[in-house]
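As stored in start-v7.txt (compact mmCIF, N, CA and C atoms):
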```txt
# COMPACT_ATOMS: atom_id res chain seq x y z
N GLN G 1 14.96 -11.82 7.87
CA GLN G 1 14.37 -10.75 8.66
C GLN G 1 14.04 -9.59 7.73
N VAL G 2 12.82 -9.08 7.87
CA VAL G 2 12.39 -7.98 7.03
C VAL G 2 12.85 -6.66 7.64
N GLN G 3 13.52 -5.86 6.83
CA GLN G 3 13.93 -4.52 7.25
C GLN G 3 13.54 -3.51 6.18
N LEU G 4 13.06 -2.36 6.63
CA LEU G 4 12.71 -1.27 5.75
C LEU G 4 13.51 -0.05 6.22
N VAL G 5 14.26 0.55 5.33
CA VAL G 5 15.10 1.68 5.69
C VAL G 5 14.77 2.87 4.79
N GLU G 6 14.26 3.93 5.42
CA GLU G 6 13.90 5.13 4.68
C GLU G 6 15.08 6.09 4.59
N SER G 7 15.06 6.89 3.55
CA SER G 7 16.05 7.96 3.41
C SER G 7 15.46 9.03 2.50
N GLY G 8 16.14 10.18 2.47
CA GLY G 8 15.72 11.24 1.56
C GLY G 8 14.98 12.39 2.19
N GLY G 9 14.69 12.31 3.48
CA GLY G 9 14.00 13.41 4.13
C GLY G 9 14.90 14.62 4.28
N GLY G 10 14.31 15.72 4.70
CA GLY G 10 15.09 16.93 4.90
C GLY G 10 14.22 18.15 5.01
N LEU G 11 14.86 19.30 4.90
CA LEU G 11 14.17 20.59 4.99
C LEU G 11 14.04 21.17 3.59
N VAL G 12 12.82 21.61 3.26
CA VAL G 12 12.57 22.16 1.93
C VAL G 12 11.58 23.31 2.06
N GLN G 13 11.67 24.26 1.17
CA GLN G 13 10.73 25.37 1.19
C GLN G 13 9.41 24.96 0.55
N ALA G 14 8.36 25.62 0.93
CA ALA G 14 7.05 25.36 0.34
C ALA G 14 7.14 25.52 -1.18
N GLY G 15 6.50 24.59 -1.88
CA GLY G 15 6.55 24.57 -3.33
C GLY G 15 7.66 23.71 -3.89
N GLY G 16 8.56 23.27 -3.03
CA GLY G 16 9.68 22.46 -3.46
C GLY G 16 9.33 20.98 -3.56
N SER G 17 10.37 20.19 -3.83
CA SER G 17 10.19 18.75 -4.04
C SER G 17 11.21 17.96 -3.22
N LEU G 18 10.81 16.76 -2.86
CA LEU G 18 11.70 15.80 -2.23
C LEU G 18 11.35 14.41 -2.75
N ARG G 19 12.34 13.53 -2.74
CA ARG G 19 12.09 12.14 -3.11
C ARG G 19 12.56 11.25 -1.98
N LEU G 20 11.63 10.54 -1.39
CA LEU G 20 11.95 9.60 -0.32
C LEU G 20 12.20 8.22 -0.92
N SER G 21 13.09 7.49 -0.28
CA SER G 21 13.37 6.12 -0.69
C SER G 21 13.15 5.17 0.49
N CYS G 22 12.74 3.96 0.18
CA CYS G 22 12.58 2.92 1.19
C CYS G 22 13.22 1.66 0.64
N ALA G 23 14.35 1.30 1.20
CA ALA G 23 15.04 0.08 0.79
C ALA G 23 14.53 -1.09 1.63
N VAL G 24 14.09 -2.13 0.95
CA VAL G 24 13.51 -3.30 1.61
C VAL G 24 14.48 -4.46 1.50
N SER G 25 14.62 -5.23 2.59
CA SER G 25 15.63 -6.28 2.65
C SER G 25 15.22 -7.56 1.94
N VAL G 26 13.96 -7.64 1.51
CA VAL G 26 13.48 -8.83 0.81
C VAL G 26 12.76 -8.40 -0.45
N ASN G 27 12.38 -9.35 -1.26
CA ASN G 27 11.68 -9.09 -2.51
C ASN G 27 10.37 -8.35 -2.22
N ILE G 28 10.23 -7.16 -2.77
CA ILE G 28 9.04 -6.36 -2.46
C ILE G 28 7.76 -7.00 -3.00
N PHE G 29 7.88 -7.88 -3.96
CA PHE G 29 6.69 -8.52 -4.51
C PHE G 29 6.17 -9.64 -3.61
N GLU G 30 6.86 -9.90 -2.50
CA GLU G 30 6.35 -10.83 -1.50
C GLU G 30 5.25 -10.19 -0.66
N PHE G 31 5.13 -8.86 -0.74
CA PHE G 31 4.16 -8.15 0.08
C PHE G 31 2.88 -7.87 -0.71
N ASN G 32 1.75 -7.84 -0.01
CA ASN G 32 0.49 -7.47 -0.66
C ASN G 32 0.53 -6.01 -1.08
N THR G 33 0.98 -5.17 -0.16
CA THR G 33 1.12 -3.75 -0.45
C THR G 33 2.37 -3.21 0.23
N VAL G 34 2.94 -2.19 -0.35
CA VAL G 34 3.99 -1.40 0.28
C VAL G 34 3.59 0.06 0.10
N GLY G 35 4.03 0.88 1.03
CA GLY G 35 3.62 2.27 0.89
C GLY G 35 4.18 3.17 1.96
N TRP G 36 3.55 4.33 2.06
CA TRP G 36 4.03 5.40 2.92
C TRP G 36 2.91 5.92 3.82
N PHE G 37 3.27 6.16 5.06
CA PHE G 37 2.41 6.80 6.03
C PHE G 37 3.21 7.96 6.63
N ARG G 38 2.52 8.84 7.32
CA ARG G 38 3.23 9.95 7.95
C ARG G 38 2.57 10.31 9.28
N GLN G 39 3.38 10.94 10.14
CA GLN G 39 2.88 11.33 11.45
C GLN G 39 3.43 12.70 11.79
N ALA G 40 2.54 13.66 11.91
CA ALA G 40 2.92 15.01 12.31
C ALA G 40 2.91 15.10 13.84
N PRO G 41 3.61 16.07 14.40
CA PRO G 41 3.65 16.20 15.86
C PRO G 41 2.25 16.35 16.44
N GLY G 42 1.96 15.54 17.45
CA GLY G 42 0.67 15.61 18.11
C GLY G 42 -0.47 14.98 17.34
N GLU G 43 -0.16 14.37 16.21
CA GLU G 43 -1.20 13.76 15.37
C GLU G 43 -1.02 12.25 15.29
N GLN G 44 -2.08 11.58 14.84
CA GLN G 44 -1.97 10.15 14.60
C GLN G 44 -1.29 9.89 13.27
N ARG G 45 -0.70 8.71 13.17
CA ARG G 45 -0.10 8.32 11.90
C ARG G 45 -1.20 8.18 10.85
N GLU G 46 -0.95 8.68 9.65
CA GLU G 46 -1.96 8.65 8.61
C GLU G 46 -1.41 8.09 7.30
N PHE G 47 -2.32 7.56 6.53
CA PHE G 47 -2.02 6.98 5.23
C PHE G 47 -1.63 8.07 4.24
N VAL G 48 -0.63 7.80 3.43
CA VAL G 48 -0.22 8.72 2.37
C VAL G 48 -0.42 8.08 1.00
N ALA G 49 0.22 6.94 0.77
CA ALA G 49 0.14 6.30 -0.54
C ALA G 49 0.57 4.85 -0.43
N THR G 50 -0.02 3.99 -1.25
CA THR G 50 0.40 2.60 -1.31
C THR G 50 0.40 2.13 -2.76
N ILE G 51 1.14 1.06 -2.97
CA ILE G 51 1.13 0.36 -4.25
C ILE G 51 1.01 -1.13 -3.95
N ASN G 52 0.11 -1.82 -4.65
CA ASN G 52 -0.04 -3.24 -4.35
C ASN G 52 0.79 -4.08 -5.33
N VAL G 53 0.76 -5.39 -5.11
CA VAL G 53 1.62 -6.27 -5.89
C VAL G 53 1.29 -6.18 -7.37
N GLY G 54 0.04 -5.85 -7.69
CA GLY G 54 -0.35 -5.73 -9.09
C GLY G 54 -0.05 -4.39 -9.71
N GLY G 55 0.44 -3.47 -8.89
CA GLY G 55 0.79 -2.15 -9.41
C GLY G 55 -0.25 -1.07 -9.19
N ARG G 56 -1.37 -1.42 -8.56
CA ARG G 56 -2.40 -0.42 -8.30
C ARG G 56 -1.92 0.53 -7.21
N THR G 57 -2.14 1.80 -7.43
CA THR G 57 -1.73 2.81 -6.46
C THR G 57 -2.95 3.48 -5.84
N ASP G 58 -2.79 3.88 -4.59
CA ASP G 58 -3.82 4.63 -3.89
C ASP G 58 -3.16 5.80 -3.17
N TYR G 59 -3.87 6.91 -3.09
CA TYR G 59 -3.31 8.11 -2.47
C TYR G 59 -4.34 8.75 -1.54
N ALA G 60 -3.83 9.35 -0.49
CA ALA G 60 -4.69 10.18 0.34
C ALA G 60 -5.14 11.38 -0.48
N ASP G 61 -6.35 11.86 -0.22
CA ASP G 61 -6.86 13.00 -0.97
C ASP G 61 -5.93 14.21 -0.85
N SER G 62 -5.31 14.35 0.30
CA SER G 62 -4.48 15.52 0.57
C SER G 62 -3.21 15.57 -0.28
N VAL G 63 -2.84 14.44 -0.88
CA VAL G 63 -1.59 14.41 -1.66
C VAL G 63 -1.82 14.08 -3.14
N LYS G 64 -3.04 13.77 -3.51
CA LYS G 64 -3.32 13.42 -4.91
C LYS G 64 -2.92 14.56 -5.84
N GLY G 65 -2.25 14.19 -6.91
CA GLY G 65 -1.79 15.18 -7.88
C GLY G 65 -0.46 15.81 -7.53
N ARG G 66 0.01 15.58 -6.30
CA ARG G 66 1.31 16.15 -5.88
C ARG G 66 2.35 15.07 -5.60
N PHE G 67 1.92 13.95 -5.06
CA PHE G 67 2.83 12.87 -4.69
C PHE G 67 2.66 11.70 -5.67
N ASN G 68 3.75 10.97 -5.84
CA ASN G 68 3.71 9.81 -6.73
C ASN G 68 4.52 8.68 -6.09
N ILE G 69 3.90 7.52 -5.94
CA ILE G 69 4.61 6.37 -5.39
C ILE G 69 5.12 5.51 -6.53
N LEU G 70 6.38 5.10 -6.41
CA LEU G 70 7.04 4.33 -7.46
C LEU G 70 7.75 3.14 -6.81
N ARG G 71 8.02 2.14 -7.62
CA ARG G 71 8.80 1.01 -7.11
C ARG G 71 9.83 0.58 -8.15
N ASP G 72 10.93 0.07 -7.63
CA ASP G 72 11.99 -0.49 -8.46
C ASP G 72 12.19 -1.93 -7.98
N GLY G 73 11.63 -2.88 -8.72
CA GLY G 73 11.69 -4.26 -8.31
C GLY G 73 13.10 -4.80 -8.14
N PRO G 74 13.95 -4.66 -9.15
CA PRO G 74 15.32 -5.20 -9.02
C PRO G 74 16.08 -4.63 -7.83
N LYS G 75 15.76 -3.40 -7.43
CA LYS G 75 16.44 -2.79 -6.28
C LYS G 75 15.68 -2.99 -4.98
N ASN G 76 14.49 -3.60 -5.05
CA ASN G 76 13.65 -3.76 -3.85
C ASN G 76 13.49 -2.44 -3.11
N THR G 77 13.17 -1.42 -3.86
CA THR G 77 13.08 -0.07 -3.31
C THR G 77 11.77 0.59 -3.72
N ILE G 78 11.19 1.31 -2.76
CA ILE G 78 9.98 2.08 -2.99
C ILE G 78 10.33 3.55 -2.87
N TYR G 79 9.73 4.36 -3.71
CA TYR G 79 10.00 5.80 -3.69
C TYR G 79 8.70 6.57 -3.47
N LEU G 80 8.85 7.73 -2.90
CA LEU G 80 7.74 8.67 -2.83
C LEU G 80 8.24 10.00 -3.37
N GLN G 81 7.81 10.33 -4.57
CA GLN G 81 8.17 11.61 -5.16
C GLN G 81 7.14 12.63 -4.69
N MET G 82 7.62 13.65 -4.00
CA MET G 82 6.73 14.66 -3.42
C MET G 82 7.00 16.00 -4.07
N ASN G 83 5.99 16.54 -4.73
CA ASN G 83 6.10 17.83 -5.41
C ASN G 83 5.13 18.82 -4.79
N SER G 84 5.35 20.08 -5.08
CA SER G 84 4.47 21.15 -4.58
C SER G 84 4.23 21.00 -3.08
N LEU G 85 5.29 20.82 -2.35
CA LEU G 85 5.17 20.57 -0.92
C LEU G 85 4.60 21.77 -0.18
N LYS G 86 3.83 21.46 0.86
CA LYS G 86 3.18 22.47 1.68
C LYS G 86 3.65 22.32 3.13
N PRO G 87 3.57 23.38 3.91
CA PRO G 87 3.96 23.25 5.33
C PRO G 87 3.19 22.14 6.05
N GLU G 88 1.97 21.90 5.67
CA GLU G 88 1.18 20.84 6.32
C GLU G 88 1.64 19.44 5.95
N ASP G 89 2.58 19.32 5.02
CA ASP G 89 3.18 18.02 4.72
C ASP G 89 4.30 17.68 5.71
N THR G 90 4.64 18.61 6.57
CA THR G 90 5.68 18.36 7.56
C THR G 90 5.28 17.20 8.47
N ALA G 91 6.16 16.20 8.55
CA ALA G 91 5.87 15.00 9.34
C ALA G 91 7.07 14.06 9.27
N VAL G 92 7.01 13.03 10.08
CA VAL G 92 7.91 11.89 9.90
C VAL G 92 7.22 10.93 8.95
N TYR G 93 7.92 10.55 7.92
CA TYR G 93 7.36 9.66 6.90
C TYR G 93 7.90 8.25 7.12
N TYR G 94 6.96 7.31 7.16
CA TYR G 94 7.29 5.91 7.42
C TYR G 94 6.96 5.04 6.22
N CYS G 95 7.84 4.13 5.95
CA CYS G 95 7.60 3.10 4.95
C CYS G 95 6.93 1.92 5.64
N ARG G 96 5.96 1.33 4.96
CA ARG G 96 5.20 0.21 5.54
C ARG G 96 5.02 -0.86 4.48
N ALA G 97 5.12 -2.11 4.91
CA ALA G 97 4.87 -3.24 4.01
C ALA G 97 4.03 -4.26 4.75
N ASN G 98 3.11 -4.89 4.05
CA ASN G 98 2.31 -5.92 4.72
C ASN G 98 2.08 -7.11 3.81
N VAL G 99 2.03 -8.26 4.44
CA VAL G 99 1.61 -9.48 3.77
C VAL G 99 0.61 -10.15 4.69
N LEU G 100 -0.62 -10.25 4.23
CA LEU G 100 -1.74 -10.73 5.05
C LEU G 100 -1.81 -9.88 6.31
N SER G 101 -1.73 -10.49 7.49
CA SER G 101 -1.86 -9.71 8.72
C SER G 101 -0.53 -9.22 9.26
N ARG G 102 0.55 -9.55 8.60
CA ARG G 102 1.86 -9.12 9.09
C ARG G 102 2.22 -7.77 8.49
N VAL G 103 2.59 -6.86 9.39
CA VAL G 103 2.90 -5.49 8.99
C VAL G 103 4.31 -5.15 9.45
N TYR G 104 5.06 -4.53 8.57
CA TYR G 104 6.43 -4.13 8.87
C TYR G 104 6.58 -2.63 8.64
N TRP G 105 7.32 -1.99 9.54
CA TRP G 105 7.53 -0.54 9.46
C TRP G 105 9.01 -0.22 9.44
N GLY G 106 9.32 0.88 8.77
CA GLY G 106 10.65 1.44 8.87
C GLY G 106 10.74 2.38 10.06
N GLN G 107 11.90 2.96 10.26
CA GLN G 107 12.12 3.85 11.40
C GLN G 107 11.66 5.28 11.13
N GLY G 108 11.46 5.63 9.89
CA GLY G 108 10.96 6.95 9.55
C GLY G 108 12.04 7.92 9.14
N THR G 109 11.63 8.91 8.36
CA THR G 109 12.52 9.98 7.93
C THR G 109 11.75 11.30 8.03
N GLN G 110 12.41 12.31 8.58
CA GLN G 110 11.75 13.59 8.84
C GLN G 110 11.70 14.44 7.57
N VAL G 111 10.52 14.97 7.31
CA VAL G 111 10.33 15.94 6.23
C VAL G 111 9.80 17.22 6.86
N THR G 112 10.48 18.31 6.62
CA THR G 112 10.05 19.61 7.14
C THR G 112 9.91 20.59 5.99
N VAL G 113 8.74 21.17 5.88
CA VAL G 113 8.46 22.13 4.80
C VAL G 113 8.27 23.50 5.43
N SER G 114 9.13 24.43 5.07
CA SER G 114 9.04 25.78 5.63
C SER G 114 8.19 26.67 4.73
N SER G 115 7.53 27.62 5.37
CA SER G 115 6.64 28.51 4.61
C SER G 115 7.38 29.75 4.14
```

Turn the structure described in the file into structure tokens.
Amino acid sequence: QVQLVESGGGLVQAGGSLRLSCAVSVNIFEFNTVGWFRQAPGEQREFVATINVGGRTDYADSVKGRFNILRDGPKNTIYLQMNSLKPEDTAVYYCRANVLSRVYWGQGTQVTVSS
């Protein structure tokens, strides 16, 4: 059974940093892509960053240059290093993994950035 468990969220002041973790219960290289999405109150869930099996990374324009997605294969863990945080980054952050048409989500971790 595939499980994704996020951690590392919290409250931070604008300009600060947080590092999110996503522990995956299976080999992360079994997935085509793994990554992060977020959902702010009253908004739709949106793409943040992904990394594919070959190591290619993609980022939303709103986070380019500030966020960095990393993976640790032996630990089956994905990270999202978030720097220069802004109040508009406030959201629940979800880890997502997919293989072909199958998509798996974590439960999410809250990130709140105060101004």

A straight line from CA of Val113 in chain G to atom C of Asp72 in chain G spans 27.5 Å

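Across G:Gln44, G:Ser21, G:Asn68, G:Thr112, the tightest approach to Cys95 in chain G is made by G:Ser21 when counting all atoms listed in the file.
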
*Pick the closest to Cys22 in chain G from G:Gly42, G:Gly73, G:Pro87, G:Gly8: which is it, counting all atoms listed in the file?*
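Ranking G:Gly42, G:Gly73, G:Pro87, G:Gly8 by distance to Cys22 in chain G, first place goes to G:Gly8.
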
Scan for residues within 6.5 Å of the point (7.9, 6.8, -1.6) in the coordinates of the file, using all atoms listed in the file, and reply as a list in words.
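The distance filter leaves exactly Arg19, Leu20, Ser21, Cys22, Gly35, Trp36, Asn68, Ile69, Leu70, Ile78, Tyr79, Leu80 and Gln81 of chain G.
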
Practice problem: If you run DSSP over the backbone, which residues in range 12-106 of chain G end up strand (DSSP E)? Put them as a PyMOL selection string. | Solution: chain G and resi 12-13+18-24+33-39+46-52+57-59+67-72+77-82+91-99+102-105

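Residue neighbourhood of Ser17 in chain G, excluding near-sequence residues (fewer than 3 positions): Val12, Gln13, Ala14, Leu20, Gln81, Met82, Asn83, Ser84 and Leu85 of chain G, at 8 Å, using all atoms listed in the file.
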
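Minimum distance to Ala97 in chain G across G:Val111, G:Val34, G:Ala49, G:Val24 (counting only N, CA and C atoms) occurs at G:Val34.
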
Using all atoms listed in the file, the best pick from G:Lys75, G:Ala91, G:Glu6, G:Asn52 as closest to Phe37 in chain G would be G:Ala91
